[in-house]
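Pasting entry32.cif here (mmCIF, C-alpha atoms):
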data_protein
#
loop_
_atom_site.group_PDB
_atom_site.id
_atom_site.type_symbol
_atom_site.label_atom_id
_atom_site.label_comp_id
_atom_site.auth_asym_id
_atom_site.auth_seq_id
_atom_site.Cartn_x
_atom_site.Cartn_y
_atom_site.Cartn_z
ATOM 1 C CA ASN N 1196 0.000 0.000 0.000
ATOM 2 C CA ALA N 1197 1.529 3.287 -1.098
ATOM 3 C CA MET N 1198 0.188 4.921 2.080
ATOM 4 C CA ASP N 1199 2.494 2.679 4.152
ATOM 5 C CA ILE N 1200 5.501 4.589 2.796
ATOM 6 C CA ASP N 1201 5.958 7.355 5.293
ATOM 7 C CA ASP N 1202 9.174 9.082 4.159
ATOM 8 C CA VAL N 1203 8.111 10.729 0.889
ATOM 9 C CA GLY N 1204 11.278 12.816 0.731
ATOM 10 C CA ALA N 1205 13.670 9.840 0.965
ATOM 11 C CA ALA N 1206 16.056 9.206 -1.903
ATOM 12 C CA ASP N 1207 14.641 5.712 -2.497
ATOM 13 C CA PHE N 1208 10.974 6.757 -2.279
ATOM 14 C CA LEU N 1209 10.268 6.194 -6.003
ATOM 15 C CA VAL N 1210 11.932 2.774 -5.967
ATOM 16 C CA ARG N 1211 9.933 1.678 -2.899
ATOM 17 C CA LEU N 1212 6.685 2.957 -4.397
ATOM 18 C CA MET N 1213 7.226 1.371 -7.832
ATOM 19 C CA THR N 1214 8.356 -1.940 -6.313
ATOM 20 C CA ARG N 1215 5.072 -2.209 -4.423
ATOM 21 C CA VAL N 1216 2.981 -1.324 -7.459
ATOM 22 C CA THR N 1217 4.923 -3.749 -9.679
ATOM 23 C CA TYR N 1218 4.640 -6.690 -7.299
ATOM 24 C CA GLU N 1219 0.965 -6.033 -6.737
ATOM 25 C CA GLN N 1220 0.344 -6.233 -10.493
ATOM 26 C CA PHE N 1221 2.449 -9.365 -11.039
ATOM 27 C CA PRO N 1222 -0.323 -11.943 -10.467
ATOM 28 C CA TYR N 1223 -2.408 -10.355 -13.233
ATOM 29 C CA GLN N 1224 0.450 -10.816 -15.696
ATOM 30 C CA GLU N 1225 0.948 -14.466 -14.836
ATOM 31 C CA SER N 1226 -0.379 -17.143 -17.203
ATOM 32 C CA ILE N 1227 -2.938 -19.321 -15.455
ATOM 33 C CA PHE N 1228 -2.394 -22.124 -17.950
ATOM 34 C CA GLU N 1229 1.379 -22.240 -17.505
ATOM 35 C CA GLU N 1230 0.946 -22.751 -13.765
ATOM 36 C CA LEU N 1231 -1.025 -25.962 -14.377
ATOM 37 C CA ALA N 1232 1.426 -27.043 -17.080
ATOM 38 C CA ARG N 1233 4.279 -26.630 -14.575
ATOM 39 C CA SER N 1234 2.482 -28.824 -12.031
ATOM 40 C CA HIS N 1235 1.955 -31.437 -14.726
ATOM 41 C CA ALA N 1236 5.609 -31.345 -15.796
ATOM 42 C CA TRP N 1237 6.964 -31.618 -12.243
ATOM 43 C CA MET N 1238 4.546 -34.029 -10.679
ATOM 44 C CA VAL N 1239 3.316 -36.158 -13.590
ATOM 45 C CA GLU N 1240 6.048 -36.236 -16.202
ATOM 46 C CA GLY N 1241 8.938 -35.828 -13.758
ATOM 47 C CA LEU N 1242 7.869 -38.065 -10.866
ATOM 48 C CA PRO N 1243 8.923 -41.385 -12.465
ATOM 49 C CA ASP N 1244 12.462 -40.002 -12.885
ATOM 50 C CA VAL N 1245 12.891 -39.255 -9.170
ATOM 51 C CA GLU N 1246 13.283 -41.824 -6.421
ATOM 52 C CA THR N 1247 10.793 -40.909 -3.711
ATOM 53 C CA ARG N 1248 9.428 -42.619 -0.614
ATOM 54 C CA VAL N 1249 6.530 -40.358 0.333
ATOM 55 C CA ILE N 1250 5.289 -38.757 -2.885
ATOM 56 C CA THR N 1251 4.298 -41.505 -5.282
ATOM 57 C CA GLU N 1252 1.589 -41.876 -7.883
ATOM 58 C CA ASP N 1253 -0.369 -44.001 -5.408
ATOM 59 C CA SER N 1254 0.025 -41.563 -2.491
ATOM 60 C CA LEU N 1255 -1.071 -38.660 -4.692
ATOM 61 C CA ALA N 1256 -4.137 -40.602 -5.849
ATOM 62 C CA ASP N 1257 -4.945 -41.462 -2.217
ATOM 63 C CA MET N 1258 -4.915 -37.749 -1.332
ATOM 64 C CA LEU N 1259 -7.257 -37.042 -4.246
ATOM 65 C CA ASP N 1260 -10.000 -39.578 -3.428
ATOM 66 C CA GLY N 1261 -8.583 -42.127 -5.866
ATOM 67 C CA VAL N 1262 -8.173 -39.731 -8.790
ATOM 68 C CA PRO N 1263 -4.777 -40.237 -10.477
ATOM 69 C CA PHE N 1264 -2.758 -37.023 -10.278
ATOM 70 C CA ARG N 1265 -2.520 -36.770 -14.087
ATOM 71 C CA GLU N 1266 -6.313 -36.807 -14.313
ATOM 72 C CA ALA N 1267 -6.666 -34.385 -11.387
ATOM 73 C CA ILE N 1268 -4.452 -31.868 -13.197
ATOM 74 C CA GLY N 1269 -6.477 -32.373 -16.390
ATOM 75 C CA ALA N 1270 -9.784 -31.982 -14.544
ATOM 76 C CA THR N 1271 -8.473 -28.835 -12.862
ATOM 77 C CA PHE N 1272 -7.418 -27.458 -16.240
ATOM 78 C CA PHE N 1273 -10.868 -28.230 -17.651
ATOM 79 C CA LEU N 1274 -12.583 -26.477 -14.730
ATOM 80 C CA GLN N 1275 -10.225 -23.516 -14.935
ATOM 81 C CA VAL N 1276 -10.749 -22.980 -18.650
ATOM 82 C CA GLY N 1277 -14.497 -23.472 -18.289
ATOM 83 C CA ALA N 1278 -14.771 -20.933 -15.482
ATOM 84 C CA PHE N 1279 -12.425 -18.473 -17.152
ATOM 85 C CA GLN N 1280 -14.378 -18.598 -20.425
ATOM 86 C CA ASN N 1281 -17.795 -18.386 -18.735
ATOM 87 C CA GLY N 1282 -17.514 -15.493 -16.328
ATOM 88 C CA GLY N 1283 -16.523 -17.706 -13.401
ATOM 89 C CA ALA N 1284 -19.396 -20.154 -13.793
ATOM 90 C CA TYR N 1285 -19.107 -23.933 -13.696
ATOM 91 C CA LYS N 1286 -22.273 -25.788 -14.579
ATOM 92 C CA PRO N 1287 -22.084 -29.548 -13.998
ATOM 93 C CA GLY N 1288 -24.668 -29.948 -16.783
ATOM 94 C CA TRP N 1289 -21.954 -29.040 -19.294
ATOM 95 C CA LEU N 1290 -20.706 -32.594 -18.978
ATOM 96 C CA ASP N 1291 -23.978 -33.861 -20.478
ATOM 97 C CA GLN N 1292 -23.438 -31.934 -23.723
ATOM 98 C CA PRO N 1293 -22.251 -33.902 -26.754
ATOM 99 C CA ASN N 1294 -19.331 -31.519 -27.335
ATOM 100 C CA PHE N 1295 -17.748 -32.792 -24.094
ATOM 101 C CA THR N 1296 -17.659 -36.442 -25.195
ATOM 102 C CA GLU N 1297 -13.985 -36.228 -26.152
ATOM 103 C CA VAL N 1298 -13.084 -34.495 -22.874
ATOM 104 C CA LEU N 1299 -14.797 -37.247 -20.882
ATOM 105 C CA LYS N 1300 -12.752 -39.869 -22.745
ATOM 106 C CA LEU N 1301 -9.593 -38.247 -21.350
ATOM 107 C CA TYR N 1302 -10.944 -37.269 -17.943
ATOM 108 C CA PRO N 1303 -13.829 -39.388 -16.640
ATOM 109 C CA ARG N 1304 -16.840 -37.497 -15.376
ATOM 110 C CA THR N 1305 -16.518 -38.920 -11.870
ATOM 111 C CA ASN N 1306 -12.972 -37.562 -11.637
ATOM 112 C CA ILE N 1307 -13.989 -34.109 -12.858
ATOM 113 C CA GLU N 1308 -16.828 -34.110 -10.323
ATOM 114 C CA LYS N 1309 -14.508 -35.202 -7.475
ATOM 115 C CA ILE N 1310 -12.012 -32.454 -8.289
ATOM 116 C CA ALA N 1311 -14.808 -29.889 -8.666
ATOM 117 C CA SER N 1312 -16.087 -30.911 -5.242
ATOM 118 C CA ARG N 1313 -12.600 -30.511 -3.705
ATOM 119 C CA LEU N 1314 -12.319 -27.039 -5.266
ATOM 120 C CA THR N 1315 -15.731 -25.874 -4.038
ATOM 121 C CA THR N 1316 -16.665 -24.275 -0.740
ATOM 122 C CA THR N 1317 -19.800 -22.754 0.749
ATOM 123 C CA PRO N 1318 -20.131 -19.198 2.041
ATOM 124 C CA ALA N 1319 -20.133 -20.491 5.634
ATOM 125 C CA ALA N 1320 -17.029 -22.650 5.098
ATOM 126 C CA PHE N 1321 -15.349 -19.710 3.343
ATOM 127 C CA ARG N 1322 -15.943 -17.471 6.364
ATOM 128 C CA THR N 1323 -14.713 -20.154 8.755
ATOM 129 C CA ALA N 1324 -11.517 -20.741 6.735
ATOM 130 C CA PHE N 1325 -10.854 -17.005 6.589
ATOM 131 C CA ASN N 1326 -11.442 -16.536 10.318
ATOM 132 C CA ASP N 1327 -9.210 -19.519 11.143
ATOM 133 C CA HIS N 1328 -6.257 -18.338 9.026
ATOM 134 C CA SER N 1329 -6.532 -14.563 8.748
ATOM 135 C CA VAL N 1330 -3.850 -12.314 10.179
ATOM 136 C CA GLY N 1331 -6.669 -9.989 11.157
ATOM 137 C CA THR N 1332 -4.981 -6.628 10.796
ATOM 138 C CA ALA N 1333 -6.084 -3.773 8.576
ATOM 139 C CA THR N 1334 -2.590 -3.186 7.191
ATOM 140 C CA ALA N 1335 -2.330 -6.812 6.028
ATOM 141 C CA ALA N 1336 -5.859 -6.989 4.599
ATOM 142 C CA ARG N 1337 -4.783 -6.767 0.968
ATOM 143 C CA PHE N 1338 -2.278 -9.581 1.465
ATOM 144 C CA ASP N 1339 -4.201 -11.668 3.966
ATOM 145 C CA TYR N 1340 -5.247 -15.301 3.584
ATOM 146 C CA ASN N 1341 -7.719 -15.872 0.764
ATOM 147 C CA PRO N 1342 -9.722 -19.124 0.951
ATOM 148 C CA LEU N 1343 -10.390 -18.828 -2.795
ATOM 149 C CA LEU N 1344 -6.828 -19.973 -3.450
ATOM 150 C CA ALA N 1345 -7.640 -23.415 -2.034
ATOM 151 C CA THR N 1346 -11.309 -23.526 -3.056
ATOM 152 C CA PRO N 1347 -11.891 -21.132 -5.964
ATOM 153 C CA PHE N 1348 -15.525 -22.147 -6.487
ATOM 154 C CA VAL N 1349 -18.310 -21.108 -4.111
ATOM 155 C CA ASP N 1350 -21.613 -22.964 -4.112
ATOM 156 C CA MET N 1351 -24.335 -20.503 -3.199
ATOM 157 C CA GLY N 1352 -26.854 -23.348 -2.874
ATOM 158 C CA ASP N 1353 -28.016 -23.602 -6.469
ATOM 159 C CA GLY N 1354 -25.698 -26.504 -7.425
ATOM 160 C CA GLU N 1355 -23.845 -24.369 -9.967
ATOM 161 C CA PRO N 1356 -20.659 -23.154 -8.288
ATOM 162 C CA GLY N 1357 -19.108 -19.903 -9.358
ATOM 163 C CA ALA N 1358 -15.548 -18.672 -9.127
ATOM 164 C CA PRO N 1359 -15.672 -15.067 -7.843
ATOM 165 C CA ALA N 1360 -12.079 -14.606 -9.032
ATOM 166 C CA ALA N 1361 -11.849 -16.927 -12.032
ATOM 167 C CA ARG N 1362 -8.134 -16.267 -12.438
#

Serialized structure, structure tokens:
Amino acid sequence: NAMDIDDVGAADFLVRLMTRVTYEQFPYQESIFEELARSHAWMVEGLPDVETRVITEDSLADMLDGVPFREAIGATFFLQVGAFQNGGAYKPGWLDQPNFTEVLKLYPRTNIEKIASRLTTTPAAFRTAFNDHSVGTATAARFDYNPLLATPFVDMGDGEPGAPAAR
């Protein structure tokens, strides 16, 4: 927050101000699709090349209600593109449309639905998560915990979750 800079006459004032503005704008310049591609490259394509004891394909699937990690990433990508292209909306009925037949061959409907469920919260659960993890100070408000990072979709009770911040 530019108002947090109290020494306007300091020699480094402009640098401090511009650094804050630049870093605040960074997330809007980031590619949402590259972030999922990176997860896929590290955890799907790269995992067989690394000897691990804790993180395995089976342990990842166990954490995701039996959904293989590769399919979880694909389902997440599908939900992200769908929400981004439809003003934040995700309508489970989309999966009944004939144009999604090819998608469902790659990512089974049950897996998409499981991932959608994991990425969805309710208004009450949102408030609880925020209250449990918030720093709770006015100066940190802009940078405070945001439950939408873990659960970007909010079900308002109509069965058609929306992503208030589709990015």

Next on the checklist: Expand the PyMOL selection byres ((chain N and resi 1345-1349) around 10) into the explicit residue set it covers here, and present it as a ChimeraX atom specification.
Outcome noted: /N:1274-1275,1278,1283-1285,1311-1321,1324,1341-1344,1350-1352,1354-1362

Checklist entry - In Å to one decimal, how far is CA of Leu1231 (chain N) from CA of Val1262 (chain N)? => result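 Going from CA of Val1262 (chain N) over to CA of Leu1231 (chain N) covers 16.5 Å.
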
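Using all atoms listed in the file for every distance, the candidate list N:Ala1335, N:Ala1232, N:Met1213, N:Ala1256 yields N:Ala1232 as the residue closest to Thr1271 (chain N).
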
Next on the checklist: Please list as a PyMOL selection string every residue within 9 Å of Met1238 (chain N), counting only C-alpha atoms and excluding residues in the same chain fewer than 5 positions away.
Outcome noted: chain N and resi 1233+1243+1252+1264-1265

Item to check | Counting only C-alpha atoms, the option among N:Gln1292, N:Phe1272, N:Val1239, N:Lys1309 closest to Leu1255 (chain N) | outcome: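 Ranking N:Gln1292, N:Phe1272, N:Val1239, N:Lys1309 by distance to Leu1255 (chain N), first place goes to N:Val1239.
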
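Excluding Ala1270 (chain N) itself and same-chain residues fewer than 3 positions from it, the residues having an atom within 7 Å of it are Glu1266, Ala1267, Phe1273, Leu1274, Tyr1302, Ile1307 and Ile1310 of chain N, counting all atoms listed in the file.
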
Checklist entry - What is the CA of Trp1237 (chain N) to CA of Val1249 (chain N) distance in Å? => result 15.3 Å

Checklist entry - For Ile1268 (chain N), which of N:Leu1212, N:Val1330, N:Ala1206, N:Leu1301 is the closest residue, counting only C-alpha atoms? => result N:Leu1301

Checklist entry - Do you have the CA of Pro1287 (chain N)-CA of Leu1299 (chain N) distance handy? => result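 The value is 12.6 Å.
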